Amino acid sequence: MKLPPRLEYILSLTESSRHTVDVGSDHGKLAVALALSGKAERVTASDVNAGPLSKAEALIEKLCVGDKVATRLADGLNGFECEGVDQVIIAGMGGELIRDIIAAAPWVKADGVLLILQPMTTAPELRRYLFEEGFRIEREGAVVEGRRPYEVITARYDGVVRECAPEDAEIGGFLDKDDSAVRALLLKKRTALKKRLIGAEKENSGETLTLKRVIAEIDRRLEE
Ligand SMILES: C[S@@+](CC[C@H](N)C(=O)[O-])C[C@H]1O[C@@H](n2cnc3c(N)ncnc32)[C@H](O)[C@@H]1O
């Protein structure tokens, strides 16, 4: 099964797993591809809406992976404690929704679950939460699909609360300017931050200095 680049990239970040949950699985493509890859013994494609789940069910049936992939109607990670989950994928949703889903499932901390997160928006809020709640960001990567760069974060709880500077929240650990997807992501972030800076300067807001600092850090990373 051919995956679009964003999902293919997320799949490449998955690890060997006994039970992976793909939260907000929608079409179920990633859950099915993960099962077919052999990296996960068991995958649950979950979604809060019945419509998407029926698409996932049709794909599971078509590709004959019903012995490995189950579907579940669930809000976030509700009901998954005691299920031996060691990997959670939450992709294609806003960063704040992803944050709220993790926050409502404190067992992911105790069980050392690997989180693979792909926020469509508000990634800074998600990163702030991960830093402040003792999750260690293990990898950050970018992928371009169409013309849009997407960011993907992997994290696991280690109990160390970290200070999250504005640069950490806004641009994370993206350093490799020779990676064309990272470059595209940093340029996109720079454009958005510049717009915010214009607004902040008009309103004489206290955010101005911080925004300038983050933009300068992006420039440094792009030039170095
Ligand atoms: C844009 S789709 C992303 C699909 C897929 N994960 C991807 O990245 O291509 C978002 C999916 O998340 C589901 N969703 C939204 N809120 C959710 C929640 N609280 N719990 C589970 N699923 C949710 C929606 O029903 C929808 O199917």
# chains A, B, ... in the order shown; residues from 1 in each chain; ligands from 1

call {"tool": "residues_near_ligand", "arguments": {"ligand": "ligand 1", "cutoff": "6 Å", "atoms": "only C-alpha atoms and all ligand atoms", "output": "list in words"}}
result
Val23, Gly24, Ser25, Asp26, Asp47, Val48, Asn49, Pro52, Ala74, Asp75, Gly76, Ala91, Gly92 and Met93 of chain A

call {"tool": "write_last_selection", "arguments": {"atoms": "C-alpha atoms", "output": "compact mmCIF listing (two decimals), in the first residue's frame"}}
result
# COMPACT_ATOMS: atom_id res chain seq x y z
CA VAL A 23 -5.52 7.89 17.69
CA GLY A 24 -7.74 9.69 15.17
CA SER A 25 -6.93 7.04 12.59
CA ASP A 26 -9.59 8.25 10.14
CA ASP A 47 -11.39 7.43 16.24
CA VAL A 48 -13.97 9.52 18.06
CA ASN A 49 -16.25 9.43 15.01
CA PRO A 52 -13.90 7.50 9.77
CA ALA A 74 -12.95 6.17 21.50
CA ASP A 75 -12.32 9.74 22.55
CA GLY A 76 -8.54 10.11 22.61
CA ALA A 91 -1.29 12.72 13.74
CA GLY A 92 -3.14 15.27 11.70
CA MET A 93 -4.73 17.17 14.60

call {"tool": "select_by_dssp", "arguments": {"residues": "range 6-204 of chain A", "states": "strand (DSSP E)", "output": "PyMOL selection string"}}
result
chain A and resi 17-23+40-47+69-73+87-93+114-119+135-145+148-157

call {"tool": "residues_around", "arguments": {"residues": "Glu83 in chain A", "least_positions_apart": "6", "cutoff": "10 Å", "atoms": "only C-alpha atoms", "output": "list of chain:residue names"}}
result
A:His19, A:Thr20, A:Val21

call {"tool": "select_by_dssp", "arguments": {"residues": "range 103-186 of chain A", "states": "alpha helix (DSSP H)", "output": "ChimeraX atom specification"}}
result
/A:103,107-110,123-132,166-171,180-186

call {"tool": "write_last_selection", "arguments": {"atoms": "C-alpha atoms", "output": "tab-separated table (two decimals), in the first residue's frame"}}
result
chain	number	residue	atom	x	y	z
A	103	ALA	CA	-2.96	14.92	29.42
A	107	TRP	CA	-0.81	6.11	32.20
A	108	VAL	CA	1.31	6.91	29.11
A	109	LYS	CA	3.87	8.31	31.58
A	110	ALA	CA	3.95	5.30	33.89
A	123	ALA	CA	3.01	22.93	17.89
A	124	PRO	CA	4.48	25.39	20.44
A	125	GLU	CA	1.67	24.62	22.92
A	126	LEU	CA	2.34	20.92	22.51
A	127	ARG	CA	6.11	21.31	23.01
A	128	ARG	CA	5.58	23.48	26.11
A	129	TYR	CA	3.36	20.78	27.59
A	130	LEU	CA	5.90	18.03	26.85
A	131	PHE	CA	8.75	20.02	28.44
A	132	GLU	CA	6.75	20.96	31.52
A	166	PRO	CA	10.38	30.54	23.46
A	167	GLU	CA	12.85	29.20	20.86
A	168	ASP	CA	12.32	25.65	22.15
A	169	ALA	CA	8.55	26.00	21.88
A	170	GLU	CA	8.41	27.77	18.53
A	171	ILE	CA	11.16	26.06	16.56
A	180	SER	CA	15.16	20.52	2.60
A	181	ALA	CA	12.05	19.72	4.68
A	182	VAL	CA	13.58	21.27	7.82
A	183	ARG	CA	14.55	24.33	5.78
A	184	ALA	CA	11.02	24.64	4.40
A	185	LEU	CA	9.60	24.29	7.92
A	186	LEU	CA	11.92	26.93	9.39

call {"tool": "residues_around", "arguments": {"residues": "Met1 in chain A", "least_positions_apart": "6", "cutoff": "9 Å", "atoms": "only C-alpha atoms", "output": "list in words"}}
result
Lys29, Val32, Ala33, Leu36 and Leu63 of chain A

call {"tool": "atom_distance", "arguments": {"atom1": "CA of Gly173 in chain A", "atom2": "CA of Arg147 in chain A"}}
result
21.8 Å

call {"tool": "residues_around", "arguments": {"residues": "Lys195 in chain A", "least_positions_apart": "6", "cutoff": "12 Å", "atoms": "only C-alpha atoms", "output": "tab-separated table (two decimals) with C-alpha atoms, in the first residue's frame"}}
result
chain	number	residue	atom	x	y	z
A	188	LYS	CA	7.35	28.77	7.10
A	189	LYS	CA	7.73	29.41	10.81
A	201	GLU	CA	4.82	46.05	17.06
A	202	LYS	CA	1.56	47.79	16.08
A	208	THR	CA	7.95	41.99	20.40
A	211	LEU	CA	9.50	37.29	18.61
A	212	LYS	CA	12.60	39.13	17.40
A	215	ILE	CA	13.31	35.05	14.33

call {"tool": "closest_residue", "arguments": {"among": "A:Phe174, A:Phe80, A:Tyr150, A:Tyr157", "to": "Met120 in chain A", "atoms": "only C-alpha atoms"}}
result
A:Tyr150

call {"tool": "residues_around", "arguments": {"residues": "Cys82 in chain A", "least_positions_apart": "3", "cutoff": "10 Å", "atoms": "only C-alpha atoms", "output": "PyMOL selection string"}}
result
chain A and resi 79+85+107+111

call {"tool": "atom_distance", "arguments": {"atom1": "CA of Pro4 in chain A", "atom2": "CA of Gln118 in chain A"}}
result
14.2 Å

call {"tool": "residues_around", "arguments": {"residues": "Leu59 in chain A", "least_positions_apart": "3", "cutoff": "10 Å", "atoms": "only C-alpha atoms", "output": "number ranges by chain"}}
result
A: 27-29, 31-32, 53-56, 62-66

call {"tool": "atom_distance", "arguments": {"atom1": "CA of Ala155 in chain A", "atom2": "CA of Pro106 in chain A"}}
result
14.2 Å

call {"tool": "closest_residue", "arguments": {"among": "A:Pro5, A:Lys68, A:Thr191, A:Asp158", "to": "Val214 in chain A", "atoms": "only C-alpha atoms"}}
result
A:Thr191
